[in-house]
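Participant: Handing you this structure, nothing more for now.
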Amino acid sequence: MAVTILIALAGLMGASGIVLAAAGAHVAPGAGLDRAASMLLFHGAAVLGGTALMQQGVLWRPLALAVLAAWVLGAVLFSGDTALRAFSGHRLFPFAAPSGGFVLIAAWLALAAAAVATLSRS
């Protein structure tokens, strides 16, 4: 069930990324929506790839699930804060975008750890 939820979230991230890319081109050029769109599109695809790797046993499942959830959370924090500022002039909360970036960096490092953990378990 967790895998299905992650795949659905990746689809929503991809769709949201396309919407933000269009909004950045037509509604609010120069407002940073292109970065928000890229973050969602890139990490949506990463969630799909990570899910496939986890299902194949290439990544240690407990840590891989945490990585995938962190990719979703980090991308949503970063992109949500950027989009909210572009459209309303307000933030999600102070340091939401940098917090999202920190979560993403930590998740990418944890991905490496999940791969190493699989190696050491075999």
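Chains: A, B, ... in order of the structure tokens. Residues: from 1 per chain. Ligands: from 1, in order shown.
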Counting only C-alpha atoms, what is within 9 Å of segment 17-33 of chain A, bar same-chain residues fewer than 6 positions away, as a list in words?
Facilitator: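 Near neighbours after the sequence-gap exclusion: Met39, Leu40, Leu41, Phe42, Gly44, Ser79, Thr82, Ala83, Arg85, Ala86 and Phe87 of chain A.
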Participant: Can you tell me which residues surround Gly74 of chain A at a distance of at most 9 Å, considering only C-alpha atoms, apart from same-chain residues fewer than 4 positions away, and format the answer as a list in words?
Facilitator: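 In the requested format, the answer is Ala69, Ala70, Phe78, Ser79, Ala97, Ser99, Gly100, Gly101, Phe102, Val103, Leu104, Ile105 and Ala107 of chain A.
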Participant: Taking 3 positions as the minimum chain separation for residues in the same chain, which residues sit within 12 Å of Ala8 of chain A when counting only C-alpha atoms? Answer as a list in words.
Facilitator: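 Near neighbours after the sequence-gap exclusion: Met1, Ala2, Val3, Thr4, Ile5, Gly11, Leu12, Met13, Gly14, Ala15, Gly44, Ala45, Val47, Leu48, Thr51 and Val72 of chain A.
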Participant: Take the residues from that selection and write them out as a CSV table (one decimal), in the first residue's frame, keeping N, CA and C atoms.
Facilitator:
```
chain,number,residue,atom,x,y,z
A,1,MET,N,0.8,-1.2,0.0
A,1,MET,CA,0.0,0.0,0.0
A,1,MET,C,0.9,1.3,0.0
A,2,ALA,N,2.0,1.3,0.7
A,2,ALA,CA,2.8,2.4,0.8
A,2,ALA,C,3.4,2.7,-0.6
A,3,VAL,N,3.7,1.7,-1.4
A,3,VAL,CA,4.2,1.9,-2.7
A,3,VAL,C,3.2,2.5,-3.6
A,4,THR,N,2.0,2.1,-3.5
A,4,THR,CA,0.9,2.7,-4.3
A,4,THR,C,0.7,4.2,-4.0
A,5,ILE,N,0.7,4.5,-2.7
A,5,ILE,CA,0.6,5.9,-2.3
A,5,ILE,C,1.7,6.7,-2.8
A,11,GLY,N,2.8,11.0,-9.2
A,11,GLY,CA,1.9,11.5,-10.2
A,11,GLY,C,1.4,12.9,-9.9
A,12,LEU,N,1.0,13.2,-8.7
A,12,LEU,CA,0.6,14.5,-8.3
A,12,LEU,C,1.7,15.5,-8.4
A,13,MET,N,2.9,15.1,-8.0
A,13,MET,CA,4.1,16.0,-8.1
A,13,MET,C,4.4,16.3,-9.6
A,14,GLY,N,4.3,15.4,-10.4
A,14,GLY,CA,4.5,15.6,-11.9
A,14,GLY,C,3.5,16.6,-12.4
A,15,ALA,N,2.2,16.3,-12.1
A,15,ALA,CA,1.2,17.2,-12.6
A,15,ALA,C,1.3,18.6,-12.1
A,44,GLY,N,9.5,13.9,-8.4
A,44,GLY,CA,8.5,13.0,-8.8
A,44,GLY,C,9.0,11.8,-9.5
A,45,ALA,N,9.9,12.1,-10.5
A,45,ALA,CA,10.6,11.0,-11.3
A,45,ALA,C,11.5,10.2,-10.4
A,47,VAL,N,11.1,9.6,-7.2
A,47,VAL,CA,10.2,8.8,-6.4
A,47,VAL,C,9.8,7.5,-7.1
A,48,LEU,N,9.5,7.7,-8.4
A,48,LEU,CA,9.2,6.5,-9.2
A,48,LEU,C,10.4,5.6,-9.4
A,51,THR,N,11.2,3.9,-6.0
A,51,THR,CA,10.2,2.9,-5.7
A,51,THR,C,10.5,1.6,-6.5
A,72,VAL,N,9.3,13.5,-1.2
A,72,VAL,CA,8.0,14.1,-1.4
A,72,VAL,C,7.9,15.3,-0.5
```
Participant: I need the alpha helix (DSSP H) residues of segment 7-118 of chain A per DSSP on the backbone, written as an mmCIF file with C-alpha atoms, in the first residue's frame.
Facilitator:
```cif
data_model
loop_
_atom_site.group_PDB
_atom_site.id
_atom_site.type_symbol
_atom_site.label_atom_id
_atom_site.label_comp_id
_atom_site.auth_asym_id
_atom_site.auth_seq_id
_atom_site.Cartn_x
_atom_site.Cartn_y
_atom_site.Cartn_z
ATOM 1 C CA ILE A 7 3.348 6.328 -6.945
ATOM 2 C CA ALA A 8 0.165 8.400 -6.642
ATOM 3 C CA LEU A 9 2.117 11.188 -4.921
ATOM 4 C CA ALA A 10 4.727 11.089 -7.694
ATOM 5 C CA GLY A 11 1.937 11.537 -10.231
ATOM 6 C CA LEU A 12 0.590 14.525 -8.327
ATOM 7 C CA MET A 13 4.076 15.984 -8.095
ATOM 8 C CA GLY A 14 4.532 15.635 -11.856
ATOM 9 C CA ALA A 15 1.176 17.220 -12.633
ATOM 10 C CA SER A 16 1.853 20.054 -10.183
ATOM 11 C CA GLY A 17 5.253 20.606 -11.728
ATOM 12 C CA ILE A 18 3.713 21.029 -15.179
ATOM 13 C CA VAL A 19 1.103 23.446 -13.804
ATOM 14 C CA LEU A 20 3.792 25.519 -12.078
ATOM 15 C CA ALA A 21 5.938 25.548 -15.223
ATOM 16 C CA ALA A 22 2.995 26.881 -17.216
ATOM 17 C CA ALA A 23 2.186 29.438 -14.529
ATOM 18 C CA GLY A 24 5.809 30.530 -14.474
ATOM 19 C CA ALA A 25 5.751 31.080 -18.205
ATOM 20 C CA HIS A 26 2.363 32.805 -18.462
ATOM 21 C CA LEU A 33 8.063 29.081 -10.353
ATOM 22 C CA ASP A 34 10.426 27.420 -12.824
ATOM 23 C CA ARG A 35 12.604 26.261 -9.902
ATOM 24 C CA ALA A 36 9.538 25.000 -8.029
ATOM 25 C CA ALA A 37 8.342 23.166 -11.141
ATOM 26 C CA SER A 38 11.729 21.552 -11.711
ATOM 27 C CA MET A 39 11.952 20.456 -8.090
ATOM 28 C CA LEU A 40 8.570 18.707 -8.302
ATOM 29 C CA LEU A 41 9.196 17.131 -11.701
ATOM 30 C CA PHE A 42 12.673 15.905 -10.835
ATOM 31 C CA HIS A 43 11.732 14.453 -7.466
ATOM 32 C CA GLY A 44 8.477 12.981 -8.780
ATOM 33 C CA ALA A 45 10.568 10.988 -11.263
ATOM 34 C CA ALA A 46 13.056 10.140 -8.504
ATOM 35 C CA VAL A 47 10.219 8.751 -6.354
ATOM 36 C CA LEU A 48 9.158 6.490 -9.225
ATOM 37 C CA GLY A 49 12.724 5.295 -9.795
ATOM 38 C CA GLY A 50 13.362 4.827 -6.100
ATOM 39 C CA THR A 51 10.160 2.854 -5.725
ATOM 40 C CA ALA A 52 11.218 0.547 -8.559
ATOM 41 C CA LEU A 53 14.680 0.063 -7.051
ATOM 42 C CA MET A 54 13.171 -0.696 -3.670
ATOM 43 C CA GLN A 55 10.779 -3.232 -5.193
ATOM 44 C CA ARG A 61 13.313 -1.141 2.192
ATOM 45 C CA PRO A 62 12.948 0.584 5.599
ATOM 46 C CA LEU A 63 15.433 3.307 4.727
ATOM 47 C CA ALA A 64 14.222 3.529 1.113
ATOM 48 C CA LEU A 65 10.668 4.244 2.299
ATOM 49 C CA ALA A 66 11.997 7.054 4.481
ATOM 50 C CA VAL A 67 13.985 8.449 1.531
ATOM 51 C CA LEU A 68 10.947 8.391 -0.744
ATOM 52 C CA ALA A 69 8.742 10.085 1.841
ATOM 53 C CA ALA A 70 11.450 12.700 2.449
ATOM 54 C CA TRP A 71 11.724 13.416 -1.281
ATOM 55 C CA VAL A 72 7.991 14.090 -1.369
ATOM 56 C CA LEU A 73 8.066 16.221 1.776
ATOM 57 C CA GLY A 74 11.151 18.200 0.796
ATOM 58 C CA ALA A 75 9.946 18.935 -2.731
ATOM 59 C CA VAL A 76 6.510 19.971 -1.456
ATOM 60 C CA LEU A 77 7.998 22.293 1.183
ATOM 61 C CA PHE A 78 10.374 23.922 -1.287
ATOM 62 C CA SER A 79 7.901 24.212 -4.147
ATOM 63 C CA GLY A 80 4.911 25.059 -1.982
ATOM 64 C CA ASP A 81 6.735 27.911 -0.291
ATOM 65 C CA THR A 82 8.028 29.245 -3.615
ATOM 66 C CA ALA A 83 4.594 29.044 -5.268
ATOM 67 C CA LEU A 84 2.785 30.593 -2.323
ATOM 68 C CA ARG A 85 5.215 33.520 -2.300
ATOM 69 C CA ALA A 86 4.762 33.991 -6.063
ATOM 70 C CA PHE A 87 0.962 33.978 -5.935
ATOM 71 C CA SER A 88 0.139 35.539 -2.571
ATOM 72 C CA ALA A 96 10.067 26.480 4.625
ATOM 73 C CA ALA A 97 11.962 26.447 1.320
ATOM 74 C CA PRO A 98 15.403 26.043 2.931
ATOM 75 C CA SER A 99 13.967 23.359 5.222
ATOM 76 C CA GLY A 100 12.677 21.523 2.166
ATOM 77 C CA GLY A 101 16.107 21.792 0.578
ATOM 78 C CA PHE A 102 17.778 20.430 3.700
ATOM 79 C CA VAL A 103 15.322 17.494 3.789
ATOM 80 C CA LEU A 104 16.119 16.761 0.128
ATOM 81 C CA ILE A 105 19.881 16.814 0.722
ATOM 82 C CA ALA A 106 19.509 14.497 3.713
ATOM 83 C CA ALA A 107 17.265 12.171 1.710
ATOM 84 C CA TRP A 108 19.776 11.904 -1.134
ATOM 85 C CA LEU A 109 22.484 11.017 1.383
ATOM 86 C CA ALA A 110 20.139 8.463 2.949
ATOM 87 C CA LEU A 111 19.608 6.947 -0.513
ATOM 88 C CA ALA A 112 23.326 6.239 -0.641
ATOM 89 C CA ALA A 113 23.096 4.686 2.822
ATOM 90 C CA ALA A 114 20.149 2.504 1.735
ATOM 91 C CA ALA A 115 22.201 1.152 -1.153
ATOM 92 C CA VAL A 116 25.225 0.491 1.079
ATOM 93 C CA ALA A 117 22.979 -1.178 3.658
ATOM 94 C CA THR A 118 21.709 -3.557 0.978
#
```
